[in-house]
Amino acid sequence: MVIKPPSHPTYDLTAVIKLALCEDVGDQGDVTCMATIPDDMEVEAHFLAKENGIISGIALAETVFNEVDPSLKVEWSQKDGDNVHKGLKFGKVHGGAHNIVKAERVALNFMQRMSGIATQTKAMADAAHPALILETRKTAPGLRLVDKWAVLIGGGRNHRMGLYDMVLIKDNHISIAGGVTNALKSVDSYLEKRNLQMEVEIETRTMEEIKDVLKYASKTKTSLTRIMLDNMVIPLDNSDVDVSMLKEAVELINGKFETEASGNVTLDTVHKIGQSGVTYISSYGALTHSVKALDISLKIDTELALEVGRRTKRA
């Protein structure tokens with residue numbers, strides 16, 4: 001199944017690709033290529049995985065090559081979301097050498113970052129089951145759609161795309177509004193006056209706040225759909241976590257709203273959190289903002305590349 005990028009009303013993925021290519025070639029073009037490779041030379045280059053992981057960004061890389069030169073022929077033996085192992089040749093591109101090398105780094109930059117995100121997401125999503133993993137808005141500036149696309153490919157779910165597509169009432173909003181009840185009243189009034197329909201989530205930090213939210217919702221027609229349970233996972237000295245408060249909160253809500261656990265979420269703790277009964281777990285921001293890229297290369301002489309890779313334990 002092809003996993004398409006999430007939708008966004010203003011994001012222009014083609015413009016992002018063009019910007020990435022322009023910042024690489026500048027106003028002079030690839031001077032090394034022009035100095036060393038004949039203009040009419042054609043080559044075949046292979047994509048090589050240099051570590052194990054989930055491949056992501058294949059569809060985007062193909063778009064990069066097409067943007068540089070539509071005559072380039074790109075073929076893949078794997079698809080987005082597949083497992084790759086160190087030393088695997090999983091795709092190839094054939095055509096003009098100049099244009100392949102021009103597109104190479106941009107395509108790889110997208111693929112390596114997306115594959116790193118997808119690999120980490122897959123590990124988190126598997127461990128969190130039956131809860132669902134969400135990312136946050138802590139994405140690289142200008143790459144939000146790309147980062148969130150990689151999360152989908154890795155088996156996660158997307159949280160709100162931005163500030164426009166979901167109401168998320170957080171601690172600062174609550175403090176300024178004068179409490180969770182006032183904040184919810186204001187949101188419901190705002191949406192009703194403007195005839196807007198969208199998901200509404202509110203952050204809660206105490207059992208008292210949860211009770212106030214439930215009391216308001218029991219007496220008032222509300223657009224509320226989800227309650228965030230923030231920092232109700234308590235870290236222990238032995239690197240374990242105590243989820244008793246989280247479980248109590250989930251039981252109190254009793255299925256009236258979706259629930260989302262946030263805070264102290266790591267690969268080591270996410271399984272225990274996932275067993276608490278929460279609907280979603282919003283992952284620590286490192287899933288997108290500081291993820292380790294998956295090592296991938298594009299090589300014309302793959303045998304030499306593999307020989308060097310074996311020597312350095314990267315193939």
# chains A, B, ... in the order shown; residues from 1 in each chain; ligands from 1
>>> select_by_dssp(residues="range 76-223 of chain A", states="helix (DSSP H, G or I)", output="mmCIF file with N, CA and C atoms, in the first residue's frame")
data_model
loop_
_atom_site.group_PDB
_atom_site.id
_atom_site.type_symbol
_atom_site.label_atom_id
_atom_site.label_comp_id
_atom_site.auth_asym_id
_atom_site.auth_seq_id
_atom_site.Cartn_x
_atom_site.Cartn_y
_atom_site.Cartn_z
ATOM 1 N N ALA A 97 24.895 11.428 -16.046
ATOM 2 C CA ALA A 97 25.688 11.435 -14.814
ATOM 3 C C ALA A 97 25.586 12.769 -14.084
ATOM 4 N N HIS A 98 25.633 13.871 -14.831
ATOM 5 C CA HIS A 98 25.565 15.192 -14.204
ATOM 6 C C HIS A 98 24.307 15.348 -13.368
ATOM 7 N N ASN A 99 23.174 14.944 -13.939
ATOM 8 C CA ASN A 99 21.903 15.146 -13.250
ATOM 9 C C ASN A 99 21.714 14.162 -12.097
ATOM 10 N N ILE A 100 22.233 12.962 -12.233
ATOM 11 C CA ILE A 100 22.162 12.019 -11.114
ATOM 12 C C ILE A 100 22.938 12.549 -9.920
ATOM 13 N N VAL A 101 24.147 13.036 -10.169
ATOM 14 C CA VAL A 101 24.973 13.550 -9.070
ATOM 15 C C VAL A 101 24.365 14.837 -8.498
ATOM 16 N N LYS A 102 23.738 15.635 -9.355
ATOM 17 C CA LYS A 102 23.093 16.860 -8.881
ATOM 18 C C LYS A 102 21.958 16.537 -7.914
ATOM 19 N N ALA A 103 21.198 15.498 -8.215
ATOM 20 C CA ALA A 103 20.046 15.134 -7.383
ATOM 21 C C ALA A 103 20.429 14.286 -6.180
ATOM 22 N N GLU A 104 21.598 13.668 -6.243
ATOM 23 C CA GLU A 104 21.997 12.659 -5.252
ATOM 24 C C GLU A 104 21.857 13.126 -3.806
ATOM 25 N N ARG A 105 22.541 14.199 -3.438
ATOM 26 C CA ARG A 105 22.590 14.596 -2.031
ATOM 27 C C ARG A 105 21.232 15.026 -1.510
ATOM 28 N N VAL A 106 20.468 15.752 -2.325
ATOM 29 C CA VAL A 106 19.143 16.185 -1.887
ATOM 30 C C VAL A 106 18.233 14.980 -1.665
ATOM 31 N N ALA A 107 18.246 14.040 -2.606
ATOM 32 C CA ALA A 107 17.428 12.829 -2.460
ATOM 33 C C ALA A 107 17.834 12.054 -1.208
ATOM 34 N N LEU A 108 19.138 11.910 -1.006
ATOM 35 C CA LEU A 108 19.621 11.164 0.154
ATOM 36 C C LEU A 108 19.312 11.890 1.464
ATOM 37 N N ASN A 109 19.443 13.201 1.471
ATOM 38 C CA ASN A 109 19.130 13.948 2.700
ATOM 39 C C ASN A 109 17.691 13.713 3.147
ATOM 40 N N PHE A 110 16.765 13.765 2.184
ATOM 41 C CA PHE A 110 15.368 13.491 2.510
ATOM 42 C C PHE A 110 15.202 12.045 2.961
ATOM 43 N N MET A 111 15.761 11.111 2.212
ATOM 44 C CA MET A 111 15.579 9.692 2.525
ATOM 45 C C MET A 111 16.195 9.307 3.864
ATOM 46 N N GLN A 112 17.389 9.805 4.146
ATOM 47 C CA GLN A 112 18.057 9.437 5.394
ATOM 48 C C GLN A 112 17.279 9.955 6.597
ATOM 49 N N ARG A 113 16.829 11.197 6.529
ATOM 50 C CA ARG A 113 16.056 11.750 7.645
ATOM 51 C C ARG A 113 14.724 11.015 7.798
ATOM 52 N N MET A 114 14.016 10.839 6.697
ATOM 53 C CA MET A 114 12.713 10.173 6.760
ATOM 54 C C MET A 114 12.854 8.728 7.228
ATOM 55 N N SER A 115 13.902 8.053 6.789
ATOM 56 C CA SER A 115 14.102 6.657 7.198
ATOM 57 C C SER A 115 14.450 6.567 8.677
ATOM 58 N N GLY A 116 15.218 7.530 9.179
ATOM 59 C CA GLY A 116 15.508 7.565 10.607
ATOM 60 C C GLY A 116 14.240 7.745 11.423
ATOM 61 N N ILE A 117 13.370 8.648 10.995
ATOM 62 C CA ILE A 117 12.101 8.885 11.687
ATOM 63 C C ILE A 117 11.219 7.642 11.617
ATOM 64 N N ALA A 118 11.116 7.046 10.424
ATOM 65 C CA ALA A 118 10.270 5.860 10.252
ATOM 66 C C ALA A 118 10.778 4.690 11.093
ATOM 67 N N THR A 119 12.102 4.530 11.168
ATOM 68 C CA THR A 119 12.687 3.431 11.941
ATOM 69 C C THR A 119 12.373 3.585 13.424
ATOM 70 N N GLN A 120 12.549 4.806 13.943
ATOM 71 C CA GLN A 120 12.256 5.053 15.355
ATOM 72 C C GLN A 120 10.760 4.942 15.629
ATOM 73 N N THR A 121 9.945 5.433 14.703
ATOM 74 C CA THR A 121 8.494 5.352 14.874
ATOM 75 C C THR A 121 8.030 3.913 14.923
ATOM 76 N N LYS A 122 8.563 3.081 14.040
ATOM 77 C CA LYS A 122 8.189 1.669 14.004
ATOM 78 C C LYS A 122 8.483 0.994 15.340
ATOM 79 N N ALA A 123 9.659 1.265 15.897
ATOM 80 C CA ALA A 123 10.030 0.676 17.185
ATOM 81 C C ALA A 123 9.077 1.145 18.280
ATOM 82 N N MET A 124 8.757 2.438 18.281
ATOM 83 C CA MET A 124 7.863 2.992 19.288
ATOM 84 C C MET A 124 6.430 2.464 19.126
ATOM 85 N N ALA A 125 5.962 2.414 17.884
ATOM 86 C CA ALA A 125 4.591 1.969 17.628
ATOM 87 C C ALA A 125 4.398 0.513 18.015
ATOM 88 N N ASP A 126 5.374 -0.314 17.707
ATOM 89 C CA ASP A 126 5.277 -1.737 18.072
ATOM 90 C C ASP A 126 5.249 -1.906 19.587
ATOM 91 N N ALA A 127 6.092 -1.145 20.272
ATOM 92 C CA ALA A 127 6.172 -1.266 21.733
ATOM 93 C C ALA A 127 4.931 -0.692 22.420
ATOM 94 N N ALA A 128 4.306 0.319 21.816
ATOM 95 C CA ALA A 128 3.181 1.007 22.449
ATOM 96 C C ALA A 128 1.863 0.248 22.339
ATOM 97 N N ARG A 144 7.912 20.047 8.011
ATOM 98 C CA ARG A 144 6.879 19.417 8.836
ATOM 99 C C ARG A 144 6.134 18.319 8.094
ATOM 100 N N LEU A 145 5.695 18.602 6.880
ATOM 101 C CA LEU A 145 4.951 17.594 6.137
ATOM 102 C C LEU A 145 5.828 16.379 5.860
ATOM 103 N N VAL A 146 7.094 16.599 5.551
ATOM 104 C CA VAL A 146 8.023 15.502 5.281
ATOM 105 C C VAL A 146 8.218 14.648 6.536
ATOM 106 N N ASP A 147 8.445 15.300 7.674
ATOM 107 C CA ASP A 147 8.647 14.570 8.928
ATOM 108 C C ASP A 147 7.401 13.777 9.317
ATOM 109 N N LYS A 148 6.240 14.390 9.171
ATOM 110 C CA LYS A 148 4.998 13.709 9.550
ATOM 111 C C LYS A 148 4.653 12.591 8.563
ATOM 112 N N TRP A 149 5.042 12.745 7.323
ATOM 113 C CA TRP A 149 4.884 11.678 6.333
ATOM 114 C C TRP A 149 5.703 10.457 6.762
ATOM 115 N N ALA A 150 6.912 10.687 7.212
ATOM 116 C CA ALA A 150 7.775 9.592 7.657
ATOM 117 C C ALA A 150 7.188 8.872 8.862
ATOM 118 N N VAL A 151 6.521 9.613 9.748
ATOM 119 C CA VAL A 151 5.860 8.990 10.893
ATOM 120 C C VAL A 151 4.769 8.033 10.425
ATOM 121 N N LEU A 152 3.984 8.443 9.444
ATOM 122 C CA LEU A 152 2.947 7.564 8.888
ATOM 123 C C LEU A 152 3.565 6.305 8.283
ATOM 124 N N ILE A 153 4.657 6.481 7.555
ATOM 125 C CA ILE A 153 5.326 5.345 6.917
ATOM 126 C C ILE A 153 5.854 4.368 7.970
ATOM 127 N N ASP A 171 -1.354 24.267 28.796
ATOM 128 C CA ASP A 171 -1.246 24.869 30.124
ATOM 129 C C ASP A 171 -1.283 26.394 30.109
ATOM 130 N N ASN A 172 -0.591 27.018 29.144
ATOM 131 C CA ASN A 172 -0.585 28.483 29.101
ATOM 132 C C ASN A 172 -1.965 29.048 28.776
ATOM 133 N N HIS A 173 -2.691 28.389 27.864
ATOM 134 C CA HIS A 173 -4.051 28.832 27.552
ATOM 135 C C HIS A 173 -4.926 28.731 28.804
ATOM 136 N N ILE A 174 -4.784 27.613 29.523
ATOM 137 C CA ILE A 174 -5.589 27.374 30.721
ATOM 138 C C ILE A 174 -5.285 28.407 31.798
ATOM 139 N N SER A 175 -4.002 28.698 31.984
ATOM 140 C CA SER A 175 -3.612 29.679 33.003
ATOM 141 C C SER A 175 -4.182 31.055 32.701
ATOM 142 N N ILE A 176 -4.104 31.451 31.430
ATOM 143 C CA ILE A 176 -4.606 32.774 31.043
ATOM 144 C C ILE A 176 -6.129 32.836 31.134
ATOM 145 N N ALA A 177 -6.789 31.719 30.752
ATOM 146 C CA ALA A 177 -8.264 31.697 30.762
ATOM 147 C C ALA A 177 -8.821 31.616 32.175
ATOM 148 N N VAL A 180 -9.536 25.177 33.469
ATOM 149 C CA VAL A 180 -9.955 24.330 32.344
ATOM 150 C C VAL A 180 -11.400 24.614 31.939
ATOM 151 N N THR A 181 -12.262 24.893 32.914
ATOM 152 C CA THR A 181 -13.679 25.135 32.597
ATOM 153 C C THR A 181 -13.839 26.403 31.766
ATOM 154 N N ASN A 182 -13.187 27.471 32.182
ATOM 155 C CA ASN A 182 -13.271 28.722 31.419
ATOM 156 C C ASN A 182 -12.677 28.562 30.025
ATOM 157 N N ALA A 183 -11.578 27.835 29.928
ATOM 158 C CA ALA A 183 -10.937 27.630 28.627
ATOM 159 C C ALA A 183 -11.858 26.863 27.684
ATOM 160 N N LEU A 184 -12.489 25.817 28.179
ATOM 161 C CA LEU A 184 -13.412 25.040 27.339
ATOM 162 C C LEU A 184 -14.633 25.858 26.938
ATOM 163 N N LYS A 185 -15.162 26.630 27.876
ATOM 164 C CA LYS A 185 -16.303 27.501 27.548
ATOM 165 C C LYS A 185 -15.951 28.451 26.407
ATOM 166 N N SER A 186 -14.759 29.032 26.482
ATOM 167 C CA SER A 186 -14.327 29.986 25.459
ATOM 168 C C SER A 186 -14.178 29.313 24.105
ATOM 169 N N VAL A 187 -13.607 28.118 24.101
ATOM 170 C CA VAL A 187 -13.422 27.384 22.841
ATOM 171 C C VAL A 187 -14.771 27.020 22.234
ATOM 172 N N ASP A 188 -15.672 26.483 23.041
ATOM 173 C CA ASP A 188 -16.986 26.105 22.525
ATOM 174 C C ASP A 188 -17.724 27.313 21.958
ATOM 175 N N SER A 189 -17.621 28.449 22.647
ATOM 176 C CA SER A 189 -18.269 29.672 22.169
ATOM 177 C C SER A 189 -17.649 30.135 20.847
ATOM 178 N N TYR A 190 -16.336 30.086 20.775
ATOM 179 C CA TYR A 190 -15.628 30.521 19.570
ATOM 180 C C TYR A 190 -16.035 29.665 18.362
ATOM 181 N N LEU A 191 -16.042 28.363 18.534
ATOM 182 C CA LEU A 191 -16.361 27.458 17.433
ATOM 183 C C LEU A 191 -17.821 27.612 16.995
ATOM 184 N N GLU A 192 -18.706 27.776 17.967
ATOM 185 C CA GLU A 192 -20.127 27.914 17.645
ATOM 186 C C GLU A 192 -20.394 29.207 16.881
ATOM 187 N N LYS A 193 -19.820 30.288 17.317
ATOM 188 C CA LYS A 193 -20.050 31.583 16.658
ATOM 189 C C LYS A 193 -19.550 31.570 15.216
ATOM 190 N N MET A 207 -5.742 15.294 38.765
ATOM 191 C CA MET A 207 -7.032 14.615 38.782
ATOM 192 C C MET A 207 -8.160 15.633 38.933
ATOM 193 N N GLU A 208 -7.892 16.701 39.665
ATOM 194 C CA GLU A 208 -8.912 17.740 39.855
ATOM 195 C C GLU A 208 -9.291 18.388 38.529
ATOM 196 N N GLU A 209 -8.273 18.641 37.685
ATOM 197 C CA GLU A 209 -8.568 19.220 36.370
ATOM 198 C C GLU A 209 -9.399 18.256 35.524
ATOM 199 N N ILE A 210 -9.086 16.977 35.578
ATOM 200 C CA ILE A 210 -9.878 15.991 34.831
ATOM 201 C C ILE A 210 -11.330 16.011 35.319
ATOM 202 N N LYS A 211 -11.519 16.036 36.626
ATOM 203 C CA LYS A 211 -12.872 16.064 37.182
ATOM 204 C C LYS A 211 -13.624 17.322 36.750
ATOM 205 N N ASP A 212 -12.924 18.463 36.703
ATOM 206 C CA ASP A 212 -13.556 19.705 36.253
ATOM 207 C C ASP A 212 -13.972 19.613 34.790
ATOM 208 N N VAL A 213 -13.119 19.007 33.971
ATOM 209 C CA VAL A 213 -13.437 18.830 32.550
ATOM 210 C C VAL A 213 -14.666 17.940 32.391
ATOM 211 N N LEU A 214 -14.687 16.823 33.094
ATOM 212 C CA LEU A 214 -15.803 15.882 32.989
ATOM 213 C C LEU A 214 -17.096 16.508 33.512
ATOM 214 N N LYS A 215 -16.994 17.292 34.583
ATOM 215 C CA LYS A 215 -18.176 17.962 35.132
ATOM 216 C C LYS A 215 -18.740 18.948 34.113
ATOM 217 N N TYR A 216 -17.854 19.733 33.490
ATOM 218 C CA TYR A 216 -18.302 20.687 32.462
ATOM 219 C C TYR A 216 -18.973 19.951 31.300
ATOM 220 N N ALA A 217 -18.320 18.874 30.836
ATOM 221 C CA ALA A 217 -18.830 18.136 29.676
ATOM 222 C C ALA A 217 -20.156 17.442 29.971
ATOM 223 N N SER A 218 -20.408 17.108 31.241
ATOM 224 C CA SER A 218 -21.658 16.433 31.604
ATOM 225 C C SER A 218 -22.854 17.383 31.605
ATOM 226 N N LYS A 219 -22.564 18.672 31.687
ATOM 227 C CA LYS A 219 -23.643 19.657 31.799
ATOM 228 C C LYS A 219 -23.790 20.525 30.552
#
>>> residues_around(residues="range 223-235 of chain A", least_positions_apart="3", cutoff="8 Å", atoms="only C-alpha atoms", output="MDAnalysis selection string")
chainID A and resid 184 188 197:205 217 239:246 249 257:264 273
>>> write_last_selection(atoms="N, CA and C atoms", output="compact mmCIF listing (two decimals), in the first residue's frame")
# COMPACT_ATOMS: atom_id res chain seq x y z
N LEU A 184 -12.49 25.82 28.18
CA LEU A 184 -13.41 25.04 27.34
C LEU A 184 -14.63 25.86 26.94
N ASP A 188 -15.67 26.48 23.04
CA ASP A 188 -16.99 26.11 22.52
C ASP A 188 -17.72 27.31 21.96
N GLN A 197 -16.17 23.26 12.84
CA GLN A 197 -16.17 21.91 13.40
C GLN A 197 -14.76 21.35 13.31
N MET A 198 -14.15 21.08 14.44
CA MET A 198 -12.83 20.49 14.47
C MET A 198 -12.61 19.80 15.80
N GLU A 199 -11.60 18.95 15.84
CA GLU A 199 -11.29 18.26 17.08
C GLU A 199 -10.79 19.25 18.12
N VAL A 200 -11.14 18.97 19.38
CA VAL A 200 -10.70 19.80 20.50
C VAL A 200 -10.07 18.89 21.55
N GLU A 201 -8.87 19.27 21.97
CA GLU A 201 -8.17 18.53 23.02
C GLU A 201 -7.79 19.50 24.12
N ILE A 202 -7.86 19.03 25.36
CA ILE A 202 -7.43 19.86 26.48
C ILE A 202 -6.40 19.12 27.31
N GLU A 203 -5.38 19.84 27.72
CA GLU A 203 -4.33 19.26 28.56
C GLU A 203 -4.76 19.33 30.03
N THR A 204 -4.60 18.20 30.72
CA THR A 204 -4.86 18.18 32.16
C THR A 204 -3.60 17.70 32.88
N ARG A 205 -3.38 18.27 34.06
CA ARG A 205 -2.16 17.93 34.81
C ARG A 205 -2.46 17.33 36.18
N ALA A 217 -18.32 18.87 30.84
CA ALA A 217 -18.83 18.14 29.68
C ALA A 217 -20.16 17.44 29.97
N SER A 239 14.95 3.65 36.73
CA SER A 239 14.69 3.85 35.29
C SER A 239 13.34 3.31 34.84
N ASP A 240 12.56 2.80 35.80
CA ASP A 240 11.21 2.36 35.51
C ASP A 240 10.27 3.55 35.64
N VAL A 241 8.99 3.34 35.38
CA VAL A 241 7.99 4.40 35.56
C VAL A 241 6.78 3.85 36.31
N ASP A 242 6.12 4.74 37.01
CA ASP A 242 4.89 4.42 37.73
C ASP A 242 3.73 4.99 36.91
N VAL A 243 2.84 4.11 36.46
CA VAL A 243 1.71 4.55 35.63
C VAL A 243 0.38 4.47 36.39
N SER A 244 0.43 4.37 37.70
CA SER A 244 -0.80 4.22 38.47
C SER A 244 -1.70 5.46 38.35
N MET A 245 -1.10 6.66 38.35
CA MET A 245 -1.89 7.87 38.20
C MET A 245 -2.53 7.92 36.82
N LEU A 246 -1.78 7.51 35.81
CA LEU A 246 -2.30 7.48 34.44
C LEU A 246 -3.48 6.53 34.34
N ALA A 249 -6.54 7.98 35.90
CA ALA A 249 -7.14 9.00 35.04
C ALA A 249 -7.96 8.37 33.92
N PHE A 257 -14.11 10.19 26.45
CA PHE A 257 -13.29 10.93 25.49
C PHE A 257 -12.04 10.10 25.17
N GLU A 258 -11.44 10.38 24.04
CA GLU A 258 -10.13 9.81 23.76
C GLU A 258 -9.15 10.33 24.81
N THR A 259 -8.11 9.55 25.06
CA THR A 259 -7.09 9.98 26.02
C THR A 259 -5.72 9.93 25.36
N GLU A 260 -4.85 10.82 25.82
CA GLU A 260 -3.50 10.91 25.28
C GLU A 260 -2.50 11.10 26.41
N ALA A 261 -1.57 10.16 26.54
CA ALA A 261 -0.51 10.27 27.54
C ALA A 261 0.64 11.08 26.97
N SER A 262 1.18 11.98 27.80
CA SER A 262 2.29 12.83 27.36
C SER A 262 3.25 13.00 28.52
N GLY A 263 4.54 12.92 28.22
CA GLY A 263 5.56 13.13 29.24
C GLY A 263 6.20 11.83 29.70
N ASN A 264 7.53 11.84 29.77
CA ASN A 264 8.32 10.68 30.19
C ASN A 264 8.11 9.47 29.28
N ILE A 273 3.37 2.26 29.32
CA ILE A 273 2.37 3.30 29.15
C ILE A 273 1.24 2.81 28.24
>>> closest_residue(among="A:Gly285, A:Pro5, A:Gly255, A:Gly87", to="Leu60 in chain A", atoms="only C-alpha atoms")
A:Pro5
>>> residues_around(residues="range 73-75 of chain A", least_positions_apart="2", cutoff="10 Å", atoms="only C-alpha atoms", output="list of chain:residue names")
A:Glu44, A:Ala45, A:His46, A:Phe47, A:Ile58, A:Ala61, A:Glu62, A:Phe65, A:Asn66, A:Asp69, A:Pro70, A:Ser71, A:Ser77, A:Gln78, A:Phe90, A:Gly91, A:Lys92, A:Val93, A:His94, A:Gly95, A:Gly96
>>> write_last_selection(atoms="all heavy atoms", output="compact mmCIF listing (two decimals), in the first residue's frame")
# COMPACT_ATOMS: atom_id res chain seq x y z
N GLU A 44 24.81 4.29 -14.26
CA GLU A 44 23.80 3.68 -13.41
C GLU A 44 24.32 3.67 -11.99
O GLU A 44 25.44 3.23 -11.73
CB GLU A 44 23.49 2.25 -13.87
CG GLU A 44 22.37 1.59 -13.06
CD GLU A 44 21.96 0.26 -13.67
OE1 GLU A 44 21.12 0.26 -14.60
OE2 GLU A 44 22.50 -0.78 -13.22
N ALA A 45 23.52 4.19 -11.06
CA ALA A 45 23.92 4.25 -9.66
C ALA A 45 22.91 3.50 -8.81
O ALA A 45 21.71 3.47 -9.12
CB ALA A 45 24.01 5.71 -9.21
N HIS A 46 23.39 2.88 -7.74
CA HIS A 46 22.56 2.04 -6.89
C HIS A 46 22.42 2.62 -5.49
O HIS A 46 23.40 3.11 -4.91
CB HIS A 46 23.15 0.63 -6.80
CG HIS A 46 23.09 -0.13 -8.08
ND1 HIS A 46 22.15 -1.10 -8.34
CD2 HIS A 46 23.86 -0.05 -9.20
CE1 HIS A 46 22.33 -1.59 -9.55
NE2 HIS A 46 23.37 -0.97 -10.10
N PHE A 47 21.22 2.55 -4.96
CA PHE A 47 20.97 2.93 -3.57
C PHE A 47 21.40 1.78 -2.67
O PHE A 47 21.01 0.63 -2.89
CB PHE A 47 19.49 3.25 -3.35
CG PHE A 47 19.05 4.52 -3.98
CD1 PHE A 47 18.50 4.52 -5.26
CD2 PHE A 47 19.19 5.73 -3.32
CE1 PHE A 47 18.09 5.70 -5.86
CE2 PHE A 47 18.78 6.91 -3.89
CZ PHE A 47 18.23 6.91 -5.17
N ILE A 58 11.23 7.04 -0.41
CA ILE A 58 11.41 6.56 -1.79
C ILE A 58 10.58 7.40 -2.75
O ILE A 58 11.07 7.85 -3.79
CB ILE A 58 11.05 5.06 -1.88
CG1 ILE A 58 12.21 4.22 -1.32
CG2 ILE A 58 10.73 4.66 -3.31
CD1 ILE A 58 11.95 2.73 -1.30
N ALA A 61 12.17 10.84 -3.02
CA ALA A 61 13.42 10.81 -3.78
C ALA A 61 13.14 10.73 -5.28
O ALA A 61 13.81 11.39 -6.08
CB ALA A 61 14.27 9.62 -3.34
N GLU A 62 12.15 9.95 -5.64
CA GLU A 62 11.80 9.83 -7.05
C GLU A 62 11.34 11.18 -7.60
O GLU A 62 11.66 11.55 -8.74
CB GLU A 62 10.69 8.78 -7.21
CG GLU A 62 10.49 8.34 -8.64
CD GLU A 62 9.80 7.00 -8.75
OE1 GLU A 62 9.91 6.17 -7.84
OE2 GLU A 62 9.15 6.79 -9.78
N PHE A 65 14.48 13.34 -8.31
CA PHE A 65 15.13 12.99 -9.58
C PHE A 65 14.31 13.48 -10.77
O PHE A 65 14.87 13.98 -11.76
CB PHE A 65 15.35 11.48 -9.67
CG PHE A 65 16.50 10.98 -8.85
CD1 PHE A 65 16.29 10.29 -7.67
CD2 PHE A 65 17.81 11.23 -9.24
CE1 PHE A 65 17.34 9.85 -6.89
CE2 PHE A 65 18.89 10.79 -8.48
CZ PHE A 65 18.66 10.11 -7.30
N ASN A 66 13.00 13.38 -10.67
CA ASN A 66 12.14 13.84 -11.75
C ASN A 66 12.21 15.35 -11.91
O ASN A 66 12.13 15.88 -13.03
CB ASN A 66 10.70 13.40 -11.48
CG ASN A 66 9.77 13.71 -12.65
OD1 ASN A 66 9.90 13.13 -13.73
ND2 ASN A 66 8.84 14.61 -12.44
N ASP A 69 15.62 15.94 -13.70
CA ASP A 69 15.66 15.45 -15.07
C ASP A 69 14.60 14.36 -15.24
O ASP A 69 14.79 13.22 -14.78
CB ASP A 69 17.05 14.87 -15.39
CG ASP A 69 17.16 14.37 -16.82
OD1 ASP A 69 16.16 14.40 -17.56
OD2 ASP A 69 18.26 13.92 -17.21
N PRO A 70 13.48 14.67 -15.88
CA PRO A 70 12.40 13.69 -16.05
C PRO A 70 12.81 12.45 -16.85
O PRO A 70 12.11 11.43 -16.79
CB PRO A 70 11.31 14.48 -16.80
CG PRO A 70 11.61 15.91 -16.51
CD PRO A 70 13.11 16.00 -16.40
N SER A 71 13.93 12.52 -17.59
CA SER A 71 14.35 11.36 -18.38
C SER A 71 15.12 10.32 -17.56
O SER A 71 15.38 9.22 -18.05
CB SER A 71 15.22 11.82 -19.56
OG SER A 71 16.50 12.26 -19.12
N SER A 77 13.51 -1.91 -5.63
CA SER A 77 13.17 -3.29 -5.24
C SER A 77 12.43 -3.30 -3.90
O SER A 77 11.92 -4.35 -3.48
CB SER A 77 14.43 -4.15 -5.13
OG SER A 77 15.32 -3.62 -4.16
N GLN A 78 12.38 -2.16 -3.23
CA GLN A 78 11.66 -2.02 -1.97
C GLN A 78 10.70 -0.84 -2.09
O GLN A 78 10.79 -0.05 -3.01
CB GLN A 78 12.64 -1.77 -0.81
CG GLN A 78 13.77 -2.77 -0.69
CD GLN A 78 13.29 -4.14 -0.26
OE1 GLN A 78 12.48 -4.25 0.66
NE2 GLN A 78 13.78 -5.19 -0.90
N PHE A 90 18.78 -1.49 -2.83
CA PHE A 90 17.31 -1.50 -2.86
C PHE A 90 16.72 -0.63 -3.96
O PHE A 90 15.50 -0.49 -4.06
CB PHE A 90 16.74 -1.09 -1.51
CG PHE A 90 17.11 0.30 -1.06
CD1 PHE A 90 16.32 1.38 -1.40
CD2 PHE A 90 18.25 0.52 -0.29
CE1 PHE A 90 16.65 2.66 -0.98
CE2 PHE A 90 18.58 1.79 0.14
CZ PHE A 90 17.79 2.87 -0.21
N GLY A 91 17.56 -0.05 -4.81
CA GLY A 91 17.06 0.76 -5.91
C GLY A 91 18.18 1.22 -6.80
O GLY A 91 19.37 1.10 -6.45
N LYS A 92 17.82 1.73 -7.98
CA LYS A 92 18.84 2.23 -8.89
C LYS A 92 18.27 3.34 -9.75
O LYS A 92 17.06 3.47 -9.95
CB LYS A 92 19.39 1.11 -9.78
CG LYS A 92 18.36 0.45 -10.68
CD LYS A 92 19.00 -0.70 -11.47
CE LYS A 92 17.97 -1.38 -12.38
NZ LYS A 92 18.57 -2.50 -13.15
N VAL A 93 19.19 4.17 -10.27
CA VAL A 93 18.80 5.25 -11.16
C VAL A 93 19.77 5.25 -12.33
O VAL A 93 20.98 5.09 -12.15
CB VAL A 93 18.79 6.62 -10.43
CG1 VAL A 93 20.12 6.91 -9.75
CG2 VAL A 93 18.41 7.75 -11.38
N HIS A 94 19.23 5.41 -13.55
CA HIS A 94 20.05 5.39 -14.77
C HIS A 94 19.75 6.66 -15.57
O HIS A 94 18.63 7.11 -15.69
CB HIS A 94 19.71 4.17 -15.62
CG HIS A 94 20.50 4.12 -16.90
ND1 HIS A 94 21.73 3.51 -17.01
CD2 HIS A 94 20.23 4.62 -18.14
CE1 HIS A 94 22.18 3.63 -18.25
NE2 HIS A 94 21.28 4.30 -18.95
N GLY A 95 20.84 7.24 -16.13
CA GLY A 95 20.68 8.42 -16.98
C GLY A 95 21.92 9.28 -16.95
O GLY A 95 23.03 8.80 -16.65
N GLY A 96 21.74 10.55 -17.27
CA GLY A 96 22.86 11.47 -17.34
C GLY A 96 23.58 11.61 -16.02
O GLY A 96 22.96 11.88 -14.98
>>> residues_around(residues="Gly162 in chain A", least_positions_apart="6", cutoff="12 Å", atoms="only C-alpha atoms", output="short mmCIF file (atom, residue, chain, number, x, y, z; two decimals) with C-alpha atoms, in the first residue's frame")
data_model
loop_
_atom_site.label_atom_id
_atom_site.label_comp_id
_atom_site.auth_asym_id
_atom_site.auth_seq_id
_atom_site.Cartn_x
_atom_site.Cartn_y
_atom_site.Cartn_z
CA PRO A 6 -0.57 14.12 4.92
CA SER A 7 -2.59 17.00 3.54
CA HIS A 8 -1.81 20.64 4.22
CA PRO A 9 -3.65 23.69 2.80
CA THR A 10 -0.56 25.79 2.05
CA TYR A 11 2.46 23.45 2.02
CA GLU A 135 4.43 12.72 16.91
CA THR A 136 4.45 16.37 17.97
CA ARG A 137 4.97 19.73 16.20
CA LYS A 138 8.67 19.55 17.11
CA THR A 139 9.70 19.10 13.49
CA ARG A 144 6.88 19.42 8.84
CA LEU A 145 4.95 17.59 6.14
CA LYS A 148 5.00 13.71 9.55
CA LEU A 168 -5.29 22.09 21.60
#
